[in-house]
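Reviewing the structure listed below.
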Amino acid sequence: MVLRSAQVVVLAGGASRRMGSPKALLPFTLEQRSAATSPWTFLDQILAVYRNAGIQRATVVWPHAARRDERILAFLAHPKFISVKIQHIFHDDPLAGRLESVLRGLTHSDKTASTFIQDTDRPFITGSVLVALIASAEEEGYTAPDVTGHAGHPILLSPHLASQMNKLRETKNLTLRDVLEPHPASLVGVSAIERALLEININTPEDYEAYFPSSTKVKELQEA
């Protein structure tokens, strides 16, 4: 199944100060691989789940510093998904906040499509959640998983809302939540297991160690 009317903007544009390494490139598996094989990363996992749900267009927003990071350049040079149309863009000011990364991604995306906003530090998304959000897509506002009565991640913007956001000119002191607040929301029920997975947010080496218990992996990435 190919959902031609949907796409995803993946936010990999933060400074990753607490993690100390690009979260998009963290290994998603503890499986041992040969030195010649690049690890399966958070970003690989996210793109695979979206691809398997039928969403084959993605925009990845990186920090400007990614242009000088050999690990990221190597990742970009050897894509694992030839069946997914991926464009990579670079945020000039990763300290400007999450909203600016969202807007940068929307600017370079299809203006007629519904758009998922996906954080790289939330890699445990499932295809069933994506399909459920598409099936209940809000025509004017946004759709999100119902996580204890409030909108969880990822969110699915309607083309109308994405268009309105593209018109924003002044975003100082605004958050994504501020921008979404005036617009209608459709919250979709998910299972208890899916809800628990969606709430996992990996921001620090300690968070990573809790779900991927290999004491050397993050340290190796930080020292690379």
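Following the order of the structure tokens, first chain is A, next is B, and so on, with residues numbered from 1 inside each chain and ligands from 1 in the order they appear.
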Given only C-alpha atoms, how would the per-residue table for stretch 107-149 of chain A near stretch 171-193 of chain A read, listing every residue at most 7 Å away with its closest atom pair and distance in Å to one decimal, sorted by chain and number, as CSV?
residue,atom,partner,partner_atom,distance
A:Leu133,CA,A:Val188,CA,6.6
A:Glu138,CA,A:Ser186,CA,6.0
A:Glu140,CA,A:Pro184,CA,6.8
A:Gly141,CA,A:Pro184,CA,4.7
A:Tyr142,CA,A:Ala185,CA,5.1
A:Thr143,CA,A:Ser186,CA,4.7
A:Ala144,CA,A:Leu187,CA,5.1
A:Pro145,CA,A:Val188,CA,4.8
A:Asp146,CA,A:Leu187,CA,4.9
Residue subset to file, keeping N, CA and C atoms, as a PDB file, in the first residue's frame:
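File produced: again38.pdb:
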ATOM      1  N   LEU A 133      -3.569   6.778  12.246  1.00  0.00           N
ATOM      2  CA  LEU A 133      -3.617   8.236  12.128  1.00  0.00           C
ATOM      3  C   LEU A 133      -4.077   8.652  10.732  1.00  0.00           C
ATOM      4  N   GLU A 138      -7.418  14.463  10.276  1.00  0.00           N
ATOM      5  CA  GLU A 138      -8.190  15.690  10.430  1.00  0.00           C
ATOM      6  C   GLU A 138      -8.022  16.547   9.177  1.00  0.00           C
ATOM      7  N   GLU A 140      -8.790  19.813   8.628  1.00  0.00           N
ATOM      8  CA  GLU A 140      -8.383  21.207   8.821  1.00  0.00           C
ATOM      9  C   GLU A 140      -7.227  21.364   9.798  1.00  0.00           C
ATOM     10  N   GLY A 141      -7.128  20.465  10.751  1.00  0.00           N
ATOM     11  CA  GLY A 141      -6.131  20.607  11.798  1.00  0.00           C
ATOM     12  C   GLY A 141      -5.091  19.510  11.785  1.00  0.00           C
ATOM     13  N   TYR A 142      -5.002  18.768  12.882  1.00  0.00           N
ATOM     14  CA  TYR A 142      -3.984  17.729  12.982  1.00  0.00           C
ATOM     15  C   TYR A 142      -4.542  16.505  13.704  1.00  0.00           C
ATOM     16  N   THR A 143      -3.854  15.389  13.524  1.00  0.00           N
ATOM     17  CA  THR A 143      -4.238  14.112  14.120  1.00  0.00           C
ATOM     18  C   THR A 143      -3.046  13.595  14.917  1.00  0.00           C
ATOM     19  N   ALA A 144      -3.328  12.985  16.068  1.00  0.00           N
ATOM     20  CA  ALA A 144      -2.244  12.491  16.922  1.00  0.00           C
ATOM     21  C   ALA A 144      -2.740  11.327  17.757  1.00  0.00           C
ATOM     22  N   PRO A 145      -1.822  10.481  18.235  1.00  0.00           N
ATOM     23  CA  PRO A 145      -2.221   9.416  19.160  1.00  0.00           C
ATOM     24  C   PRO A 145      -2.733  10.022  20.467  1.00  0.00           C
ATOM     25  N   ASP A 146      -3.734   9.392  21.031  1.00  0.00           N
ATOM     26  CA  ASP A 146      -4.256   9.819  22.326  1.00  0.00           C
ATOM     27  C   ASP A 146      -3.398   9.196  23.420  1.00  0.00           C
TER      28      ASP A 146
END
*Between A:Val129, A:Ser158, A:His78, A:Thr29, which one has atoms that come closest to A:Tyr211, using only C-alpha atoms?*
A:Thr29
Taking only C-alpha atoms into account, produce a table as JSON lines in which each residue of stretch 122-193 of chain A with an atom at most 8 Å from an atom of stretch 100-108 of chain A appears once, together with its shortest atom pair and the distance in Å to one decimal, ordered by chain and rising number.
{"residue": "A:Ala162", "atom": "CA", "partner": "A:Leu106", "partner_atom": "CA", "distance": 6.9}
{"residue": "A:Met165", "atom": "CA", "partner": "A:Leu103", "partner_atom": "CA", "distance": 7.0}
{"residue": "A:Asn166", "atom": "CA", "partner": "A:Thr107", "partner_atom": "CA", "distance": 6.4}
{"residue": "A:Thr171", "atom": "CA", "partner": "A:Glu100", "partner_atom": "CA", "distance": 7.7}
Since we have the selection now, will you write its residues out, keeping N, CA and C atoms, as a PDB file, in the first residue's frame?
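Done, and the output landed in result-v9.pdb:
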ATOM      1  N   ALA A 162      -0.630  22.677   7.433  1.00  0.00           N
ATOM      2  CA  ALA A 162       0.761  22.846   6.995  1.00  0.00           C
ATOM      3  C   ALA A 162       0.913  24.119   6.178  1.00  0.00           C
ATOM      4  N   MET A 165       0.917  27.081   8.524  1.00  0.00           N
ATOM      5  CA  MET A 165       2.189  27.169   9.233  1.00  0.00           C
ATOM      6  C   MET A 165       3.281  27.722   8.335  1.00  0.00           C
ATOM      7  N   ASN A 166       3.216  27.406   7.060  1.00  0.00           N
ATOM      8  CA  ASN A 166       4.216  27.921   6.119  1.00  0.00           C
ATOM      9  C   ASN A 166       4.141  29.433   5.967  1.00  0.00           C
ATOM     10  N   THR A 171       8.250  33.737  14.705  1.00  0.00           N
ATOM     11  CA  THR A 171       8.109  32.561  15.560  1.00  0.00           C
ATOM     12  C   THR A 171       8.821  32.712  16.898  1.00  0.00           C
TER      13      THR A 171
END
*Give me every strand (DSSP E) residue in stretch 7-212 of chain A, going by DSSP on the backbone, as JSON, numbers by chain.*
{"A": [7, 8, 9, 10, 11, 57, 58, 59, 60, 61, 62, 63, 85, 86, 87, 88, 89, 90, 91, 114, 115, 116, 117, 118, 119, 142, 143, 144, 145, 146, 147, 150, 151, 155, 156, 157, 185, 186, 187, 188]}
*Could you write out, as a ChimeraX atom specification, all the residues of chain A that DSSP marks as alpha helix (DSSP H)?*
/A:42-52,70-77,98-107,127-135,159-166,176-180,192-198,205-211,217-223
*Find, counting only C-alpha atoms, the residue in A:Arg195, A:His88, A:Lys23, A:Arg57 that gets nearest to A:Gly149.*
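Among the listed residues, A:Arg195 lies closest to A:Gly149.
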*Work out how far apart atom CA of A:Ile125 and atom CA of A:Val84 are and give it in Å to one decimal.*
17.6 Å
_So the first atom is atom CA of A:Asn203 and the second is atom CA of A:Thr120; what is the distance between them in Å, to one decimal place?_
9.8 Å
*asked:* Would you compute the distance between atom CA of A:Glu139 and atom CA of A:Ala196? Give it in Å to one decimal.
replied: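 Taking atom CA of A:Glu139 as the start and atom CA of A:Ala196 as the end point, the length is 27.3 Å.
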